[in-house]
>>> print(open('my_file.txt').read())   # compact mmCIF, C-alpha atoms and all ligand atoms
# COMPACT_ATOMS: atom_id res chain seq x y z
CA MET A 1 -104.33 -66.55 -98.54
CA GLN A 2 -107.86 -65.75 -99.71
CA THR A 3 -109.14 -66.90 -96.31
CA THR A 4 -108.14 -63.59 -94.67
CA PRO A 5 -111.34 -61.54 -94.42
CA LYS A 6 -111.22 -58.25 -96.33
CA GLY A 7 -111.57 -56.24 -93.14
CA PHE A 8 -108.28 -57.61 -91.79
CA ARG A 9 -106.32 -56.66 -94.90
CA LEU A 10 -104.29 -53.48 -95.00
CA HIS A 11 -106.03 -51.31 -97.61
CA LEU A 12 -103.59 -49.67 -100.00
CA GLY A 13 -105.29 -47.14 -102.29
CA ILE A 14 -103.68 -45.96 -105.55
CA PHE A 15 -104.78 -42.47 -106.58
CA GLY A 16 -103.80 -39.80 -109.07
CA ARG A 17 -104.78 -38.17 -112.33
CA ARG A 18 -105.69 -40.15 -115.45
CA ASN A 19 -102.97 -41.85 -117.49
CA VAL A 20 -100.16 -41.40 -114.96
CA GLY A 21 -99.72 -45.18 -114.74
CA LYS A 22 -101.79 -46.13 -111.66
CA SER A 23 -103.06 -49.37 -113.19
CA SER A 24 -99.62 -50.18 -114.61
CA LEU A 25 -98.14 -49.65 -111.15
CA LEU A 26 -100.67 -52.01 -109.58
CA ASN A 27 -99.81 -54.63 -112.19
CA ALA A 28 -96.10 -54.20 -111.45
CA LEU A 29 -96.76 -54.45 -107.70
CA THR A 30 -98.87 -57.59 -108.01
CA HIS A 31 -96.85 -59.08 -110.89
CA GLN A 32 -100.06 -59.66 -112.81
CA ALA A 33 -102.47 -57.94 -115.16
CA THR A 34 -104.93 -57.04 -112.41
CA SER A 35 -106.05 -53.72 -113.81
CA ILE A 36 -106.60 -52.67 -117.42
CA VAL A 37 -103.84 -50.42 -118.72
CA SER A 38 -104.55 -48.17 -121.67
CA GLU A 39 -103.31 -45.08 -123.44
CA THR A 40 -106.91 -43.85 -123.40
CA ALA A 41 -107.51 -41.67 -120.37
CA GLY A 42 -110.34 -42.88 -118.12
CA THR A 43 -109.97 -46.62 -118.77
CA THR A 44 -110.26 -47.60 -115.09
CA THR A 45 -113.83 -46.79 -114.15
CA ASP A 46 -114.90 -48.63 -110.99
CA PRO A 47 -112.25 -49.15 -108.33
CA VAL A 48 -110.40 -52.44 -108.93
CA GLU A 49 -109.59 -54.47 -105.82
CA LYS A 50 -106.82 -57.04 -105.61
CA PRO A 51 -106.17 -59.02 -102.40
CA MET A 52 -102.68 -60.40 -101.97
CA GLU A 53 -100.13 -61.56 -99.44
CA LEU A 54 -97.47 -58.84 -99.55
CA LEU A 55 -94.55 -60.47 -97.79
CA PRO A 56 -93.42 -59.74 -95.20
CA ILE A 57 -96.13 -57.16 -94.43
CA GLY A 58 -99.00 -59.64 -94.59
CA PRO A 59 -102.44 -59.65 -96.21
CA VAL A 60 -103.21 -56.46 -98.13
CA LEU A 61 -105.95 -55.23 -100.43
CA TRP A 62 -104.79 -53.06 -103.34
CA ILE A 63 -107.40 -50.65 -104.65
CA ASP A 64 -106.82 -49.06 -108.07
CA THR A 65 -109.00 -46.03 -108.73
CA ALA A 66 -110.16 -43.92 -111.66
CA GLY A 67 -108.41 -40.59 -112.27
CA VAL A 68 -109.27 -37.79 -109.88
CA ASP A 69 -109.25 -35.40 -112.86
CA ASP A 70 -111.96 -37.25 -114.80
CA GLU A 71 -114.33 -35.15 -116.93
CA GLY A 72 -118.03 -34.95 -117.79
CA ALA A 73 -121.06 -36.34 -115.94
CA LEU A 74 -119.72 -39.90 -116.03
CA GLY A 75 -116.35 -38.60 -114.89
CA GLU A 76 -118.01 -36.93 -111.91
CA LEU A 77 -119.54 -40.29 -110.93
CA ARG A 78 -116.14 -41.98 -111.16
CA ILE A 79 -114.60 -39.25 -109.03
CA GLN A 80 -117.26 -39.88 -106.39
CA LYS A 81 -116.43 -43.59 -106.40
CA THR A 82 -112.72 -42.79 -106.15
CA LYS A 83 -113.40 -40.47 -103.20
CA SER A 84 -115.33 -43.20 -101.41
CA VAL A 85 -112.15 -45.32 -101.58
CA LEU A 86 -110.37 -42.60 -99.58
CA ASP A 87 -112.41 -43.54 -96.54
CA ARG A 88 -111.19 -47.14 -96.47
CA THR A 89 -107.60 -46.45 -97.50
CA GLU A 90 -104.98 -47.07 -94.79
CA ILE A 91 -101.97 -46.03 -96.88
CA GLY A 92 -102.52 -43.59 -99.74
CA ILE A 93 -100.32 -43.90 -102.81
CA ILE A 94 -100.45 -40.85 -105.06
CA VAL A 95 -99.08 -41.47 -108.54
CA SER A 96 -97.99 -38.70 -110.87
CA ASN A 97 -95.93 -38.36 -114.02
CA ALA A 98 -92.41 -37.78 -112.74
CA ASP A 99 -91.91 -34.46 -114.54
CA ALA A 100 -95.37 -33.07 -113.68
CA PRO A 101 -95.68 -30.40 -111.00
CA ILE A 102 -97.82 -31.03 -107.93
CA THR A 103 -101.24 -29.67 -108.90
CA ARG A 104 -104.43 -29.05 -106.95
CA PHE A 105 -105.51 -32.66 -107.67
CA GLU A 106 -102.54 -34.11 -105.80
CA LEU A 107 -102.73 -31.42 -103.11
CA ASP A 108 -106.43 -32.21 -102.53
CA LEU A 109 -105.52 -35.87 -102.10
CA ILE A 110 -102.70 -35.02 -99.69
CA VAL A 111 -105.07 -32.88 -97.60
CA ALA A 112 -107.74 -35.62 -97.65
CA PHE A 113 -105.25 -38.21 -96.37
CA ARG A 114 -103.76 -35.89 -93.78
CA ASN A 115 -107.26 -35.10 -92.47
CA ARG A 116 -107.77 -38.82 -91.99
CA SER A 117 -104.27 -39.33 -90.48
CA VAL A 118 -103.51 -41.73 -93.32
CA PRO A 119 -99.84 -42.02 -94.36
CA VAL A 120 -99.12 -40.91 -97.93
CA ILE A 121 -96.50 -42.09 -100.42
CA TYR A 122 -95.84 -40.14 -103.61
CA VAL A 123 -94.88 -42.13 -106.70
CA LEU A 124 -93.10 -40.27 -109.49
CA ASN A 125 -93.80 -42.60 -112.39
CA LYS A 126 -92.48 -42.85 -115.95
CA ILE A 127 -88.90 -41.95 -115.00
CA ASP A 128 -87.86 -43.74 -118.19
CA VAL A 129 -89.39 -40.78 -120.03
CA ALA A 130 -88.49 -37.83 -117.82
CA GLN A 131 -86.91 -37.05 -114.46
CA PRO A 132 -88.73 -35.15 -111.70
CA CYS A 133 -88.02 -31.44 -111.50
CA PRO A 134 -86.16 -30.25 -108.38
CA GLU A 135 -89.10 -28.02 -107.28
CA THR A 136 -91.38 -31.08 -107.01
CA LEU A 137 -88.83 -32.95 -104.91
CA ASP A 138 -88.31 -29.86 -102.69
CA GLU A 139 -92.06 -29.55 -102.21
CA LEU A 140 -92.43 -33.22 -101.28
CA GLU A 141 -89.59 -32.89 -98.82
CA SER A 142 -91.09 -29.80 -97.23
CA LEU A 143 -94.43 -31.64 -96.97
CA LYS A 144 -92.51 -34.57 -95.41
CA ILE A 145 -94.00 -37.00 -97.91
CA PRO A 146 -91.82 -39.98 -98.83
CA TYR A 147 -91.48 -40.45 -102.56
CA VAL A 148 -90.29 -43.15 -104.91
CA LYS A 149 -89.32 -42.88 -108.57
CA THR A 150 -90.68 -45.70 -110.72
CA ASP A 151 -91.00 -47.01 -114.22
CA ALA A 152 -94.12 -49.15 -113.93
CA ILE A 153 -93.48 -50.86 -117.26
CA THR A 154 -90.11 -52.39 -116.36
CA GLY A 155 -90.74 -52.52 -112.60
CA ARG A 156 -87.87 -50.17 -111.76
CA GLY A 157 -88.38 -48.66 -108.30
CA ILE A 158 -90.89 -51.30 -107.17
CA VAL A 159 -88.43 -52.70 -104.59
CA GLU A 160 -87.96 -49.19 -103.15
CA LEU A 161 -91.74 -48.72 -103.11
CA HIS A 162 -92.11 -51.94 -101.09
CA GLU A 163 -89.56 -50.63 -98.58
CA VAL A 164 -91.30 -47.27 -98.21
CA LEU A 165 -94.62 -49.12 -97.84
CA LEU A 166 -93.29 -51.19 -94.97
CA ARG A 167 -92.02 -48.04 -93.24
CA SER A 168 -95.48 -46.47 -93.64
CA VAL A 169 -97.53 -49.40 -92.35
CA PRO A 170 -99.50 -48.24 -89.29
CA ASP A 171 -98.25 -49.72 -86.00
CA ASP A 172 -101.54 -51.40 -85.18
CA PHE A 173 -101.32 -53.49 -88.35
CA LEU A 174 -97.96 -54.85 -87.24
CA VAL A 175 -99.23 -55.97 -83.83
CA PRO A 176 -97.29 -59.17 -83.27
CA PRO A 177 -98.99 -62.49 -82.53
CA PRO A 178 -98.69 -63.74 -78.94
CA ILE A 179 -95.52 -65.61 -77.94
CA LEU A 180 -97.25 -68.87 -77.05
CA VAL A 181 -100.62 -68.56 -75.33
CA ASP A 182 -102.57 -69.06 -78.55
CA LEU A 183 -100.85 -72.43 -79.05
CA VAL A 184 -102.31 -74.06 -75.94
CA PRO A 185 -105.83 -74.58 -74.55
CA PRO A 186 -107.16 -72.24 -71.83
CA GLU A 187 -106.07 -73.07 -68.28
CA SER A 188 -103.36 -75.42 -69.48
CA MET A 189 -99.82 -75.76 -68.18
CA VAL A 190 -96.60 -75.22 -70.10
CA VAL A 191 -93.07 -76.22 -69.20
CA LEU A 192 -90.24 -73.80 -69.94
CA VAL A 193 -86.75 -75.29 -70.10
CA VAL A 194 -84.10 -72.79 -69.10
CA PRO A 195 -80.58 -74.18 -68.81
CA VAL A 196 -78.50 -72.28 -66.25
CA ASP A 197 -75.02 -72.84 -67.61
CA LYS A 198 -71.92 -70.66 -67.66
CA GLU A 199 -73.36 -68.65 -70.54
CA ALA A 200 -76.49 -67.68 -68.60
CA PRO A 201 -76.36 -64.14 -67.18
CA LYS A 202 -75.71 -63.92 -63.46
CA GLY A 203 -78.75 -63.65 -61.22
CA ARG A 204 -81.42 -63.19 -63.88
CA LEU A 205 -83.24 -64.68 -66.85
CA ILE A 206 -82.95 -63.39 -70.40
CA LEU A 207 -85.69 -61.31 -71.98
CA PRO A 208 -87.44 -63.99 -74.12
CA GLN A 209 -87.78 -66.23 -71.05
CA VAL A 210 -89.13 -63.41 -68.90
CA GLN A 211 -91.56 -62.33 -71.61
CA ALA A 212 -92.86 -65.89 -72.03
CA ILE A 213 -93.44 -66.28 -68.28
CA ARG A 214 -95.20 -62.94 -68.11
CA GLU A 215 -97.47 -63.82 -71.03
CA VAL A 216 -98.40 -67.15 -69.41
CA LEU A 217 -99.30 -65.35 -66.18
CA ASP A 218 -101.30 -62.65 -67.97
CA ALA A 219 -103.35 -65.37 -69.68
CA HIS A 220 -103.95 -67.13 -66.32
CA LEU A 221 -102.17 -70.25 -67.50
CA SER A 222 -99.57 -71.92 -65.35
CA CYS A 223 -96.00 -72.78 -66.07
CA VAL A 224 -93.18 -74.79 -64.60
CA VAL A 225 -89.68 -73.47 -65.22
CA VAL A 226 -86.97 -76.13 -65.06
CA GLN A 227 -83.40 -76.71 -66.14
CA ASP A 228 -82.87 -79.35 -68.82
CA THR A 229 -81.25 -81.60 -66.23
CA GLN A 230 -84.48 -81.82 -64.19
CA LEU A 231 -86.88 -82.03 -67.10
CA ALA A 232 -87.35 -85.80 -67.40
CA ASP A 233 -88.05 -86.11 -63.69
CA VAL A 234 -90.46 -83.16 -63.62
CA LEU A 235 -92.39 -84.46 -66.63
CA GLN A 236 -93.01 -87.71 -64.80
CA ARG A 237 -94.53 -85.83 -61.92
CA ILE A 238 -96.89 -83.65 -63.98
CA SER A 239 -100.29 -85.14 -64.66
CA PRO A 240 -102.00 -84.52 -67.03
CA PRO A 241 -98.95 -83.82 -69.19
CA PRO A 242 -98.15 -80.19 -70.08
CA ALA A 243 -99.78 -78.70 -73.20
CA LEU A 244 -96.40 -77.51 -74.50
CA VAL A 245 -92.70 -77.65 -73.66
CA VAL A 246 -90.55 -74.70 -74.73
CA THR A 247 -86.81 -75.03 -74.56
CA ASP A 248 -83.75 -72.94 -75.11
CA SER A 249 -82.51 -73.93 -78.59
CA GLN A 250 -79.12 -74.95 -77.28
CA ALA A 251 -80.63 -77.75 -75.19
CA PHE A 252 -82.86 -78.95 -78.00
CA VAL A 253 -81.27 -82.36 -78.57
CA LYS A 254 -81.34 -83.44 -74.94
CA VAL A 255 -84.79 -81.98 -74.36
CA SER A 256 -86.17 -83.57 -77.51
CA ALA A 257 -85.03 -86.97 -76.24
CA ASP A 258 -86.60 -86.39 -72.81
CA VAL A 259 -89.98 -85.10 -74.01
CA PRO A 260 -92.30 -87.89 -75.25
CA GLN A 261 -93.45 -87.41 -78.87
CA SER A 262 -97.03 -87.01 -77.61
CA ILE A 263 -96.11 -83.69 -75.92
CA PRO A 264 -95.69 -80.71 -78.28
CA LEU A 265 -92.18 -79.24 -78.14
CA THR A 266 -90.74 -76.03 -79.55
CA SER A 267 -88.04 -73.50 -78.72
CA PHE A 268 -87.97 -69.89 -77.58
CA SER A 269 -86.26 -68.83 -80.82
CA ILE A 270 -88.95 -70.41 -82.94
CA LEU A 271 -91.67 -68.68 -80.96
CA PHE A 272 -89.80 -65.42 -81.40
CA ALA A 273 -89.31 -66.01 -85.13
CA ARG A 274 -93.09 -66.07 -85.32
CA GLN A 275 -93.62 -63.10 -83.05
CA LYS A 276 -90.88 -60.81 -84.30
CA ALA A 277 -90.60 -61.83 -87.90
CA ASP A 278 -92.31 -64.09 -90.38
CA LEU A 279 -92.04 -67.74 -89.41
CA GLY A 280 -92.88 -69.05 -92.90
CA ILE A 281 -90.03 -67.11 -94.53
CA MET A 282 -87.63 -68.06 -91.72
CA ILE A 283 -88.50 -71.77 -92.05
CA GLU A 284 -87.88 -71.63 -95.81
CA GLY A 285 -84.57 -69.94 -95.01
CA ALA A 286 -83.58 -72.73 -92.60
CA LYS A 287 -84.33 -75.34 -95.25
CA THR A 288 -81.82 -73.71 -97.63
CA ILE A 289 -79.04 -74.86 -95.27
CA LYS A 290 -79.11 -78.06 -97.30
CA ASN A 291 -77.86 -76.07 -100.33
CA LEU A 292 -74.75 -74.81 -98.52
CA LYS A 293 -71.45 -76.32 -99.57
CA ALA A 294 -67.81 -75.80 -98.70
CA GLY A 295 -66.97 -72.17 -99.45
CA SER A 296 -70.57 -70.88 -99.11
CA ARG A 297 -70.92 -67.52 -97.40
CA VAL A 298 -73.06 -67.07 -94.30
CA LEU A 299 -73.85 -63.77 -92.62
CA ILE A 300 -74.60 -64.03 -88.90
CA ALA A 301 -76.46 -60.97 -87.64
CA GLU A 302 -77.22 -59.93 -84.07
CA SER A 303 -79.41 -57.03 -83.10
CA CYS A 304 -77.43 -56.03 -80.02
CA THR A 305 -73.97 -54.53 -80.37
CA HIS A 306 -72.59 -56.08 -77.18
CA HIS A 307 -74.11 -59.24 -75.95
CA PRO A 308 -71.84 -61.79 -74.38
CA ILE A 309 -74.67 -64.34 -74.09
CA GLU A 310 -75.14 -64.61 -77.82
CA GLU A 311 -71.46 -64.33 -78.61
CA ASP A 312 -70.85 -68.00 -78.16
CA ILE A 313 -73.87 -69.19 -80.10
CA GLY A 314 -73.33 -66.81 -83.03
CA THR A 315 -69.56 -67.00 -83.30
CA ILE A 316 -68.85 -70.57 -82.21
CA LYS A 317 -71.82 -72.92 -81.90
CA ILE A 318 -73.69 -72.15 -85.11
CA PRO A 319 -70.55 -72.01 -87.29
CA LYS A 320 -69.49 -75.37 -85.80
CA LEU A 321 -72.89 -76.98 -86.45
CA LEU A 322 -72.94 -75.67 -90.02
CA ARG A 323 -69.39 -76.87 -90.74
CA GLN A 324 -70.32 -80.31 -89.47
CA PHE A 325 -73.52 -80.33 -91.50
CA VAL A 326 -71.82 -79.22 -94.70
CA GLY A 327 -68.67 -81.26 -94.09
CA GLY A 328 -66.37 -78.42 -95.08
CA GLU A 329 -65.23 -74.88 -94.31
CA LEU A 330 -67.64 -71.99 -94.78
CA GLU A 331 -67.02 -68.27 -94.94
CA PHE A 332 -68.68 -66.43 -92.04
CA LYS A 333 -69.23 -62.76 -91.50
CA HIS A 334 -70.65 -61.34 -88.28
CA VAL A 335 -72.56 -58.09 -88.03
CA ARG A 336 -74.13 -56.43 -85.03
CA GLY A 337 -76.69 -53.75 -84.34
CA HIS A 338 -77.98 -51.71 -87.23
CA GLU A 339 -75.03 -52.53 -89.45
CA PHE A 340 -76.45 -54.99 -91.97
CA LEU A 341 -75.23 -56.12 -95.37
CA THR A 342 -74.14 -52.58 -95.99
CA ASP A 343 -70.93 -53.67 -97.64
CA ASN A 344 -72.85 -55.94 -100.03
CA PHE A 345 -71.51 -59.14 -98.56
CA ASN A 346 -72.83 -61.38 -101.27
CA CYS A 347 -73.96 -64.24 -99.06
CA ASP A 348 -75.91 -67.47 -99.49
CA LEU A 349 -77.77 -67.27 -96.19
CA VAL A 350 -78.42 -64.84 -93.34
CA ILE A 351 -78.83 -66.31 -89.85
CA HIS A 352 -80.30 -63.78 -87.45
CA CYS A 353 -80.55 -63.74 -83.67
CA GLY A 354 -84.01 -63.86 -82.09
CA ALA A 355 -84.25 -60.04 -82.24
CA CYS A 356 -85.93 -59.98 -78.82
CA MET A 357 -84.82 -56.36 -78.29
CA TRP A 358 -86.27 -55.14 -81.56
CA ASN A 359 -89.73 -54.28 -82.70
CA ARG A 360 -91.39 -56.27 -85.44
CA ARG A 361 -91.12 -53.56 -88.09
CA GLU A 362 -87.33 -53.50 -87.89
CA MET A 363 -87.06 -57.25 -88.29
CA LEU A 364 -89.58 -57.24 -91.14
CA SER A 365 -87.46 -54.57 -92.86
CA ARG A 366 -84.49 -56.89 -92.69
CA ILE A 367 -86.52 -59.74 -94.09
CA MET A 368 -87.69 -57.51 -96.91
CA TYR A 369 -84.12 -56.43 -97.57
CA CYS A 370 -83.08 -60.07 -97.87
CA GLN A 371 -86.05 -60.98 -100.03
CA ASN A 372 -85.33 -58.15 -102.41
CA ALA A 373 -81.71 -59.24 -102.59
CA ASN A 374 -82.81 -62.87 -103.07
CA ILE A 375 -80.97 -64.02 -99.95
CA PRO A 376 -82.67 -66.57 -97.68
CA ILE A 377 -82.91 -65.58 -94.01
CA THR A 378 -83.51 -67.67 -90.92
CA ASN A 379 -82.80 -67.37 -87.22
CA TYR A 380 -80.58 -69.10 -84.66
CA GLY A 381 -83.20 -71.47 -83.31
CA LEU A 382 -84.47 -72.58 -86.70
CA ALA A 383 -80.94 -73.05 -88.03
CA ILE A 384 -80.00 -75.16 -85.01
CA ALA A 385 -83.20 -77.22 -85.22
CA TYR A 386 -82.65 -77.83 -88.94
CA THR A 387 -79.02 -78.91 -88.65
CA LEU A 388 -79.93 -81.25 -85.78
CA GLY A 389 -82.80 -82.79 -87.78
CA ILE A 390 -85.52 -81.67 -85.36
CA LEU A 391 -87.03 -78.75 -87.26
CA ASP A 392 -90.25 -80.56 -88.13
CA ARG A 393 -90.95 -81.41 -84.52
CA ALA A 394 -90.08 -77.91 -83.34
CA ILE A 395 -92.42 -76.10 -85.73
CA LYS A 396 -95.29 -78.60 -85.45
CA PRO A 397 -97.03 -76.92 -82.45
CA ILE A 398 -97.27 -73.67 -84.42
CA LEU A 399 -98.35 -75.26 -87.69
CA ASP A 400 -100.96 -77.35 -85.85
CA ALA A 401 -102.40 -74.26 -84.17
CA GLN A 402 -102.52 -72.46 -87.54
CA LYS A 403 -104.33 -75.42 -89.11
CA LEU A 404 -106.88 -75.43 -86.29
CA ARG A 405 -107.53 -71.73 -86.76
CA SER A 406 -108.11 -72.08 -90.52
CA LEU A 407 -110.65 -74.92 -90.11
N1 LIG B 501 -93.04 -45.00 -120.54
C1 LIG B 501 -93.85 -45.35 -119.55
N2 LIG B 501 -95.16 -45.53 -119.78
C2 LIG B 501 -95.95 -45.88 -118.76
C3 LIG B 501 -95.45 -46.07 -117.46
N3 LIG B 501 -96.47 -46.43 -116.64
C4 LIG B 501 -97.58 -46.45 -117.42
N4 LIG B 501 -97.27 -46.12 -118.71
C5 LIG B 501 -98.20 -45.99 -119.84
O1 LIG B 501 -99.08 -44.93 -119.57
C6 LIG B 501 -100.38 -45.22 -120.08
C7 LIG B 501 -101.42 -45.12 -118.95
O2 LIG B 501 -101.18 -46.16 -118.04
P1 LIG B 501 -102.31 -46.66 -117.01
O3 LIG B 501 -101.66 -47.59 -116.09
O4 LIG B 501 -103.54 -47.11 -117.73
O5 LIG B 501 -102.63 -45.25 -116.27
P2 LIG B 501 -103.81 -44.90 -115.25
O6 LIG B 501 -104.86 -44.21 -116.04
O7 LIG B 501 -103.19 -43.96 -114.27
O8 LIG B 501 -104.28 -46.17 -114.62
C8 LIG B 501 -100.29 -46.60 -120.71
O9 LIG B 501 -100.07 -46.46 -122.09
C9 LIG B 501 -99.09 -47.22 -120.02
O10 LIG B 501 -98.45 -48.18 -120.83
C10 LIG B 501 -94.04 -45.87 -117.23
O11 LIG B 501 -93.50 -45.99 -116.11
N5 LIG B 501 -93.31 -45.52 -118.31
S1 LIG B 502 -81.82 -58.96 -79.72
FE1 LIG B 502 -80.62 -60.68 -80.46
S2 LIG B 502 -78.54 -60.35 -79.65
FE2 LIG B 502 -79.93 -59.03 -78.50
S3 LIG B 502 -80.52 -60.27 -76.69
FE3 LIG B 502 -82.10 -60.59 -78.23
S4 LIG B 502 -81.46 -62.43 -79.31
FE4 LIG B 502 -79.66 -61.67 -78.20
MG MG B 503 -106.18 -46.98 -114.59
>>> encode(input="my_file.txt", output="structure tokens")
Amino acid sequence: MQTTPKGFRLHLGIFGRRNVGKSSLLNALTHQATSIVSETAGTTTDPVEKPMELLPIGPVLWIDTAGVDDEGALGELRIQKTKSVLDRTEIGIIVSNADAPITRFELDLIVAFRNRSVPVIYVLNKIDVAQPCPETLDELESLKIPYVKTDAITGRGIVELHEVLLRSVPDDFLVPPPILVDLVPPESMVVLVVPVDKEAPKGRLILPQVQAIREVLDAHLSCVVVQDTQLADVLQRISPPPALVVTDSQAFVKVSADVPQSIPLTSFSILFARQKADLGIMIEGAKTIKNLKAGSRVLIAESCTHHPIEEDIGTIKIPKLLRQFVGGELEFKHVRGHEFLTDNFNCDLVIHCGACMWNRREMLSRIMYCQNANIPITNYGLAIAYTLGILDRAIKPILDAQKLRSL
């Protein structure tokens, strides 16, 4: 985690007047005593920096500052230091006592962030003591500033603050990793296995396949696209062997038998779990399949509302594989589109489609929702690979590439 250079971390600055609970909020956000909390105003002097992995957003750097209303000559110096943090802040968090009106201190901060095109979040803290007055909420709404009510001592509102943070993360920070080109050496060849069975759409390929081919071409690599039935024969004819084989998850067992262990193998869904979501969290989710037992509840979620291709895999194939794995009946619920856990289906696992039609932020929001509700989440490809006992092989090409990068 500490290997991420500071410059690549999303800088989250915490600002506000003295004693409003900025340091307490940072401690609640990081679950540790990072910053000194005190009843004495002006305790935080120099900005306090705390790097952390804020899942599923990624590596962030929290910066706790001194109060912007500090007094005296020393106070002036602290204010200068606090202002210098403004210039490196990518999301500004303004903390205030919940019942306090918005004063010139907060307004100055809002203007400073707006001038820098930096998103702002307003935190109304100490709601255990007093509620915000309606005028403050009206003003925040008219300024179009998202706000969250917190009690930094008990951690109330921290989950909501995480959700608002994710919504405020600038797009360029959420730039997804490539689909596959970073997993193979330059100028290498990859083989894409695309079964054309009765479930395949007529006359075309599906989006993940098209996107993978396009990425390979853009990177000036080459690729061979074959059906699973031709794979063994084609592999014999390719020399040197391909740098990677990517298969549709549904053909994984056959393909895994046909591809020698020396050739890295993964699936489209696993590549998309990395690109669209957070592969680490999704792998952990897949591994919780071993905890399912007869009667466990599984939510199967698809991003598209009507998608006949996925219908079979989500409604028939995955439930069948899971029943076989568990050796008993499970309770399944299927949701589509933006409908998601809204009826509080208290489930043991969420299995999501590859989300190829969605942007990364939307999928990360779902992951965050599940994490906050303590529900493991995985995707179709990972769930299939796990139940078939081939997960380790399927994720190895990605883990190997990550290891190489961190050397
Ligand atoms: N009741 C209550 N007290 C809080 C809350 N957050 C912080 N405090 C208290 O407010 C005081 C100032 O907190 P601190 O985090 O040092 O404020 P800072 O100066 O803005 O960093 C301390 O005594 C904290 O215990 C809260 O949500 N509720
Ligand atoms: S978003 Fe999901 S349901 Fe829609 S095509 Fe992609 S994998 Fe299938
Ligand atoms: Mg402080």
>>> residues_near_ligand(input="my_file.txt", ligand="ligand LIG 502 (chain B)", cutoff="10 Å", atoms="only C-alpha atoms and all ligand atoms", output="count of residues only")
30
>>> atom_distance(input="my_file.txt", atom1="atom O2 of ligand LIG 501 (chain B)", atom2="atom CA of A:Pro146")
22.2 Å
>>> residues_near_ligand(input="my_file.txt", ligand="ligand LIG 501 (chain B)", cutoff="7 Å", atoms="only C-alpha atoms and all ligand atoms", output="ChimeraX atom specification")
/A:16-25,36-39,41-44,66-67,125-129,150-153
>>> closest_residue(input="my_file.txt", among="A:Lys317, A:Lys83, A:Lys254, A:Lys144", to="A:Thr229", atoms="all atoms listed in the file")
A:Lys254
>>> residues_around(input="my_file.txt", residues="stretch 239-252 of chain A", least_positions_apart="6", cutoff="6 Å", atoms="all atoms listed in the file", output="ChimeraX atom specification")
/A:184,189-193,264-268,381
>>> residues_around(input="my_file.txt", residues="A:Pro177", least_positions_apart="3", cutoff="9 Å", atoms="all atoms listed in the file", output="ChimeraX atom specification")
/A:180,182,274-276
>>> closest_residue(input="my_file.txt", among="A:Pro59, A:Pro376, A:Gly280, A:Pro47", to="ligand MG 503 (chain B)", atoms="only C-alpha atoms and all ligand atoms")
A:Pro47
>>> residues_around(input="my_file.txt", residues="A:Gln211", least_positions_apart="6", cutoff="10 Å", atoms="all atoms listed in the file", output="number ranges by chain")
A: 179, 205, 217, 356
>>> build_atoms(input="my_file.txt", residues="stretch 121-132 of chain A", atoms="N, CA and C atoms", output="PDB file, in the coordinates of the input")
ATOM      1  N   ILE A 121     -97.746 -41.863 -99.673  1.00  0.00           N
ATOM      2  CA  ILE A 121     -96.500 -42.090-100.420  1.00  0.00           C
ATOM      3  C   ILE A 121     -96.711 -41.491-101.807  1.00  0.00           C
ATOM      4  N   TYR A 122     -95.719 -40.774-102.291  1.00  0.00           N
ATOM      5  CA  TYR A 122     -95.840 -40.140-103.610  1.00  0.00           C
ATOM      6  C   TYR A 122     -94.995 -40.939-104.594  1.00  0.00           C
ATOM      7  N   VAL A 123     -95.618 -41.358-105.696  1.00  0.00           N
ATOM      8  CA  VAL A 123     -94.880 -42.130-106.700  1.00  0.00           C
ATOM      9  C   VAL A 123     -94.687 -41.274-107.943  1.00  0.00           C
ATOM     10  N   LEU A 124     -93.432 -41.029-108.282  1.00  0.00           N
ATOM     11  CA  LEU A 124     -93.100 -40.270-109.490  1.00  0.00           C
ATOM     12  C   LEU A 124     -92.851 -41.286-110.591  1.00  0.00           C
ATOM     13  N   ASN A 125     -93.858 -41.495-111.423  1.00  0.00           N
ATOM     14  CA  ASN A 125     -93.800 -42.600-112.390  1.00  0.00           C
ATOM     15  C   ASN A 125     -93.301 -42.107-113.757  1.00  0.00           C
ATOM     16  N   LYS A 126     -92.977 -43.076-114.583  1.00  0.00           N
ATOM     17  CA  LYS A 126     -92.480 -42.850-115.950  1.00  0.00           C
ATOM     18  C   LYS A 126     -91.111 -42.165-115.944  1.00  0.00           C
ATOM     19  N   ILE A 127     -90.245 -42.572-115.013  1.00  0.00           N
ATOM     20  CA  ILE A 127     -88.900 -41.950-115.000  1.00  0.00           C
ATOM     21  C   ILE A 127     -88.073 -42.383-116.207  1.00  0.00           C
ATOM     22  N   ASP A 128     -88.567 -43.382-116.943  1.00  0.00           N
ATOM     23  CA  ASP A 128     -87.860 -43.740-118.190  1.00  0.00           C
ATOM     24  C   ASP A 128     -88.044 -42.635-119.227  1.00  0.00           C
ATOM     25  N   VAL A 129     -89.102 -41.838-119.055  1.00  0.00           N
ATOM     26  CA  VAL A 129     -89.390 -40.780-120.030  1.00  0.00           C
ATOM     27  C   VAL A 129     -88.801 -39.442-119.576  1.00  0.00           C
ATOM     28  N   ALA A 130     -88.989 -39.133-118.309  1.00  0.00           N
ATOM     29  CA  ALA A 130     -88.490 -37.830-117.820  1.00  0.00           C
ATOM     30  C   ALA A 130     -88.216 -37.901-116.330  1.00  0.00           C
ATOM     31  N   GLN A 131     -87.267 -37.107-115.875  1.00  0.00           N
ATOM     32  CA  GLN A 131     -86.910 -37.050-114.460  1.00  0.00           C
ATOM     33  C   GLN A 131     -87.765 -36.006-113.738  1.00  0.00           C
ATOM     34  N   PRO A 132     -87.959 -36.170-112.429  1.00  0.00           N
ATOM     35  CA  PRO A 132     -88.730 -35.150-111.700  1.00  0.00           C
ATOM     36  C   PRO A 132     -87.981 -33.826-111.647  1.00  0.00           C
TER      37      PRO A 132
END
